[in-house]
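Have a look at entry-v7.txt below; it lists compact mmCIF, C-alpha atoms.
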```txt
# COMPACT_ATOMS: atom_id res chain seq x y z
CA MET A 4 -62.22 -34.76 -34.37
CA SER A 5 -59.23 -35.47 -32.21
CA SER A 6 -59.56 -35.08 -28.46
CA GLU A 7 -55.81 -34.59 -28.00
CA LYS A 8 -54.87 -31.09 -26.94
CA LYS A 9 -52.07 -29.28 -28.67
CA PRO A 10 -49.47 -28.20 -26.08
CA GLN A 11 -49.20 -24.49 -25.47
CA THR A 12 -45.97 -23.03 -26.82
CA MET A 13 -44.19 -19.74 -26.52
CA LYS A 14 -41.68 -17.85 -28.58
CA PRO A 15 -38.02 -18.26 -27.65
CA ALA A 16 -37.87 -14.61 -26.49
CA THR A 17 -40.72 -15.21 -24.04
CA ALA A 18 -39.11 -18.38 -22.72
CA ALA A 19 -35.77 -16.58 -22.31
CA GLN A 20 -37.45 -13.79 -20.38
CA LYS A 21 -39.19 -16.29 -18.08
CA LEU A 22 -35.85 -18.05 -17.52
CA GLY A 23 -34.10 -14.74 -16.81
CA ILE A 24 -31.54 -15.17 -19.59
CA LEU A 25 -30.42 -13.16 -22.59
CA LEU A 26 -31.80 -14.79 -25.73
CA ASP A 27 -28.77 -13.84 -27.85
CA ALA A 28 -26.50 -15.72 -25.44
CA ALA A 29 -28.56 -18.94 -25.57
CA PRO A 30 -27.70 -21.81 -27.92
CA ALA A 31 -28.92 -21.43 -31.52
CA GLU A 32 -31.35 -24.33 -31.10
CA PHE A 33 -33.06 -22.53 -28.19
CA GLN A 34 -33.19 -19.24 -30.13
CA THR A 35 -35.04 -20.73 -33.09
CA GLU A 36 -37.50 -23.25 -31.66
CA PHE A 37 -40.77 -22.66 -29.84
CA VAL A 38 -40.82 -23.89 -26.23
CA SER A 39 -43.80 -25.68 -24.69
CA ARG A 40 -44.90 -24.95 -21.14
CA THR A 41 -43.86 -28.47 -20.18
CA GLU A 42 -40.39 -27.91 -21.61
CA LEU A 43 -40.12 -24.58 -19.79
CA THR A 44 -41.09 -26.19 -16.49
CA GLU A 45 -38.48 -28.88 -17.08
CA LEU A 46 -35.82 -26.27 -17.89
CA MET A 47 -36.67 -24.44 -14.66
CA ALA A 48 -36.64 -27.58 -12.54
CA ASN A 49 -33.59 -29.25 -14.12
CA PRO A 50 -31.57 -26.64 -16.00
CA PRO A 51 -29.09 -28.01 -18.53
CA GLU A 52 -25.46 -27.01 -18.16
CA TRP A 53 -25.68 -24.16 -20.69
CA LEU A 54 -28.61 -22.62 -18.80
CA ALA A 55 -26.94 -22.96 -15.40
CA LEU A 56 -23.75 -21.35 -16.73
CA LEU A 57 -25.68 -18.56 -18.42
CA ARG A 58 -27.62 -17.81 -15.26
CA ALA A 59 -24.46 -17.87 -13.16
CA ASN A 60 -22.09 -15.92 -15.42
CA GLY A 61 -24.24 -13.95 -17.84
CA PRO A 62 -24.44 -11.93 -19.91
CA HIS A 63 -27.65 -10.95 -18.16
CA PRO A 64 -30.71 -9.10 -19.55
CA ARG A 65 -31.56 -5.65 -18.22
CA GLN A 66 -34.17 -6.80 -15.71
CA VAL A 67 -31.66 -9.18 -14.11
CA VAL A 68 -28.89 -6.55 -14.13
CA ALA A 69 -31.24 -4.05 -12.50
CA ALA A 70 -32.28 -6.54 -9.82
CA LYS A 71 -28.69 -7.53 -9.03
CA LEU A 72 -27.64 -3.88 -8.77
CA GLY A 73 -30.69 -2.91 -6.72
CA VAL A 74 -31.91 -0.28 -9.19
CA SER A 75 -34.79 0.07 -11.62
CA ILE A 76 -34.58 -0.61 -15.34
CA SER A 77 -35.26 3.11 -15.83
CA GLY A 78 -32.28 3.83 -13.58
CA LEU A 79 -30.08 1.75 -15.87
CA ALA A 80 -31.35 3.70 -18.87
CA ARG A 81 -30.77 7.05 -17.14
CA SER A 82 -27.21 5.92 -16.48
CA ASP A 83 -26.65 4.84 -20.11
CA ILE A 84 -26.27 1.15 -19.15
CA ASN A 85 -27.93 -0.34 -22.22
CA ASP A 86 -25.76 -3.38 -22.88
CA PRO A 87 -26.05 -6.71 -21.08
CA LEU A 88 -23.58 -7.16 -18.23
CA THR A 89 -21.84 -10.28 -16.98
CA THR A 90 -21.81 -11.37 -13.36
CA ALA A 91 -18.18 -10.23 -13.07
CA GLU A 92 -19.04 -6.75 -14.39
CA ILE A 93 -21.95 -6.49 -11.95
CA ALA A 94 -19.71 -7.58 -9.06
CA ALA A 95 -17.12 -4.96 -10.03
CA LEU A 96 -19.80 -2.24 -10.02
CA LEU A 97 -21.02 -3.38 -6.60
CA GLN A 98 -17.51 -3.47 -5.12
CA GLN A 99 -16.68 0.06 -6.24
CA PRO A 100 -20.02 1.71 -6.96
CA PRO A 101 -19.85 4.71 -9.27
CA ALA A 102 -21.78 7.86 -8.36
CA TRP A 103 -24.71 6.98 -10.67
CA LEU A 104 -25.17 3.62 -8.94
CA VAL A 105 -25.18 5.18 -5.47
CA LEU A 106 -27.75 7.75 -6.63
CA GLU A 107 -30.00 5.18 -8.36
CA ARG A 108 -29.90 2.79 -5.39
CA SER A 109 -30.89 5.67 -3.12
CA THR A 110 -33.73 6.57 -5.48
CA GLN A 111 -34.89 2.95 -5.58
CA ALA A 112 -34.79 2.72 -1.77
CA GLY A 113 -36.96 5.85 -1.56
CA VAL A 114 -39.46 4.42 -4.03
CA ARG A 115 -39.67 1.18 -2.06
CA ALA A 116 -40.17 3.09 1.20
CA ASP A 117 -42.98 5.09 -0.42
CA GLN A 118 -44.61 1.88 -1.67
CA ILE A 119 -44.48 0.37 1.82
CA ALA A 120 -45.97 3.54 3.33
CA VAL A 121 -48.84 3.51 0.81
CA LYS A 122 -49.47 -0.18 1.45
CA ASP A 123 -49.51 0.39 5.22
CA ARG A 124 -51.84 3.39 4.82
CA ASP A 125 -54.22 1.38 2.64
CA ALA A 126 -54.19 -1.52 5.10
CA HIS A 127 -54.96 0.87 7.96
CA ARG A 128 -57.84 2.42 5.99
CA ALA A 129 -59.23 -1.02 5.14
CA ALA A 130 -59.04 -2.11 8.78
CA LYS A 131 -60.75 1.08 9.91
CA LYS A 132 -63.50 0.66 7.30
CA ALA A 133 -64.04 -2.97 8.33
CA HIS A 134 -64.26 -1.90 11.98
CA VAL A 135 -66.84 0.80 11.20
CA GLU A 136 -68.88 -1.65 9.11
CA ARG A 137 -68.71 -4.26 11.86
CA GLN A 138 -69.93 -1.72 14.43
CA ALA A 139 -72.76 -0.59 12.16
CA SER A 140 -73.77 -4.21 11.61
CA GLN A 141 -73.78 -4.90 15.35
CA GLU A 142 -75.85 -1.78 16.04
CA GLN A 143 -78.33 -2.78 13.31
CA ALA A 144 -78.60 -6.26 14.85
CA LYS A 145 -79.36 -4.69 18.26
CA ARG A 146 -82.09 -2.49 16.74
CA ASP A 147 -83.59 -5.48 14.91
CA ARG A 148 -83.80 -7.43 18.16
CA SER A 149 -85.55 -4.59 19.97
```

Output the file's structure as structure tokens, nothing else.
Amino acid sequence: MSSEKKPQTMKPATAAQKLGILLDAAPAEFQTEFVSRTELTELMANPPEWLALLRANGPHPRQVVAAKLGVSISGLARSDINDPLTTAEIAALLQQPPAWLVLERSTQAGVRADQIAVKDRDAHRAAKKAHVERQASQEQAKRDRS
């Protein structure tokens, strides 16, 4: 039996998603060949020209478009933005935001504020619980000493 390990590979679609690019816009060679984790790490660290241009100019996948516009992927769907957008198209939307973009950005800001409030509430509850447990432990230690 061989002790050499076979490198882990991923489908081109998975690699494209991890790189934040649209698979259909990548070179044919990238679209058809499996990518090893080592190759993916190398692509991330030292992107070839085609990858740098694709990341800079697009077309971008939905998750990247949503992030650049400051909305959720669901917000894009609600607004019938289903096609990939280029960096120039995203910039145009940001310069003169249509009503749907203003509404979705407001919705996203509200969701983020709610998430922060829940996180703060949970942190406060955890701190309070730790304090109560610490007090109970100290009181138990006092009783044990007596």

Contacts of Glu36 (chain A) at 12 Å (all atoms listed in the file; same-chain gap of 2+ positions) as a compact mmCIF listing (two decimals) with C-alpha atoms, keeping the file's coordinate frame:
```txt
# COMPACT_ATOMS: atom_id res chain seq x y z
CA THR A 12 -45.97 -23.03 -26.82
CA MET A 13 -44.19 -19.74 -26.52
CA LYS A 14 -41.68 -17.85 -28.58
CA PRO A 15 -38.02 -18.26 -27.65
CA ALA A 16 -37.87 -14.61 -26.49
CA THR A 17 -40.72 -15.21 -24.04
CA ALA A 18 -39.11 -18.38 -22.72
CA ALA A 19 -35.77 -16.58 -22.31
CA LEU A 26 -31.80 -14.79 -25.73
CA ALA A 29 -28.56 -18.94 -25.57
CA PRO A 30 -27.70 -21.81 -27.92
CA ALA A 31 -28.92 -21.43 -31.52
CA GLU A 32 -31.35 -24.33 -31.10
CA PHE A 33 -33.06 -22.53 -28.19
CA GLN A 34 -33.19 -19.24 -30.13
CA VAL A 38 -40.82 -23.89 -26.23
CA SER A 39 -43.80 -25.68 -24.69
CA GLU A 42 -40.39 -27.91 -21.61
```

Non-local contacts of region 47-62 of chain A (9 Å; only C-alpha atoms; under 5 positions in same chain excluded) as JSON, numbers by chain
{"A": [22, 23, 24, 25, 28, 29, 30, 42, 87, 88, 89, 90, 91]}

Ranking A:Lys21, A:Arg40, A:Gln141, A:Trp103 by minimum distance to Gln66 (chain A) and counting only C-alpha atoms, which one comes first?
A:Lys21

Distance of CA of Arg115 (chain A) from CA of Lys131 (chain A), expressed in Å to one decimal place
24.2 Å

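Using all atoms listed in the file, the nearest neighbour of Ile84 (chain A) within the list A:Lys71, A:Lys132, A:Arg65, A:Lys8 is A:Arg65.
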
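Taking CA of Asp27 (chain A) and CA of Leu43 (chain A) as endpoints, the distance between them is 17.6 Å.
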
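Separating CA of Leu46 (chain A) from CA of Ala69 (chain A) is a distance of 23.3 Å.
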
Excluding Ala112 (chain A) and its own-chain neighbours fewer than 4 positions away, which residues fall within 9 Å of it when counting all atoms listed in the file? Please give them as a VMD selection string.
chain A and resid 73 to 74 107 to 108 116 to 117

File of the preceding selection, C-alpha atoms, as an mmCIF file, in the frame of the given file:
```cif
data_model
loop_
_atom_site.group_PDB
_atom_site.id
_atom_site.type_symbol
_atom_site.label_atom_id
_atom_site.label_comp_id
_atom_site.auth_asym_id
_atom_site.auth_seq_id
_atom_site.Cartn_x
_atom_site.Cartn_y
_atom_site.Cartn_z
ATOM 1 C CA GLY A 73 -30.690 -2.910 -6.720
ATOM 2 C CA VAL A 74 -31.910 -0.280 -9.190
ATOM 3 C CA GLU A 107 -30.000 5.180 -8.360
ATOM 4 C CA ARG A 108 -29.900 2.790 -5.390
ATOM 5 C CA ALA A 116 -40.170 3.090 1.200
ATOM 6 C CA ASP A 117 -42.980 5.090 -0.420
#
```

Smallest atom-to-atom distance to Ile76 (chain A): which of A:Val105, A:Ala133, A:Gln111, A:Asp147, using only C-alpha atoms?
A:Gln111

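If only C-alpha atoms are the atoms counted, then among A:Gln20, A:Ser140, A:Ser109, A:Thr35 the closest residue to Pro64 (chain A) is A:Gln20.
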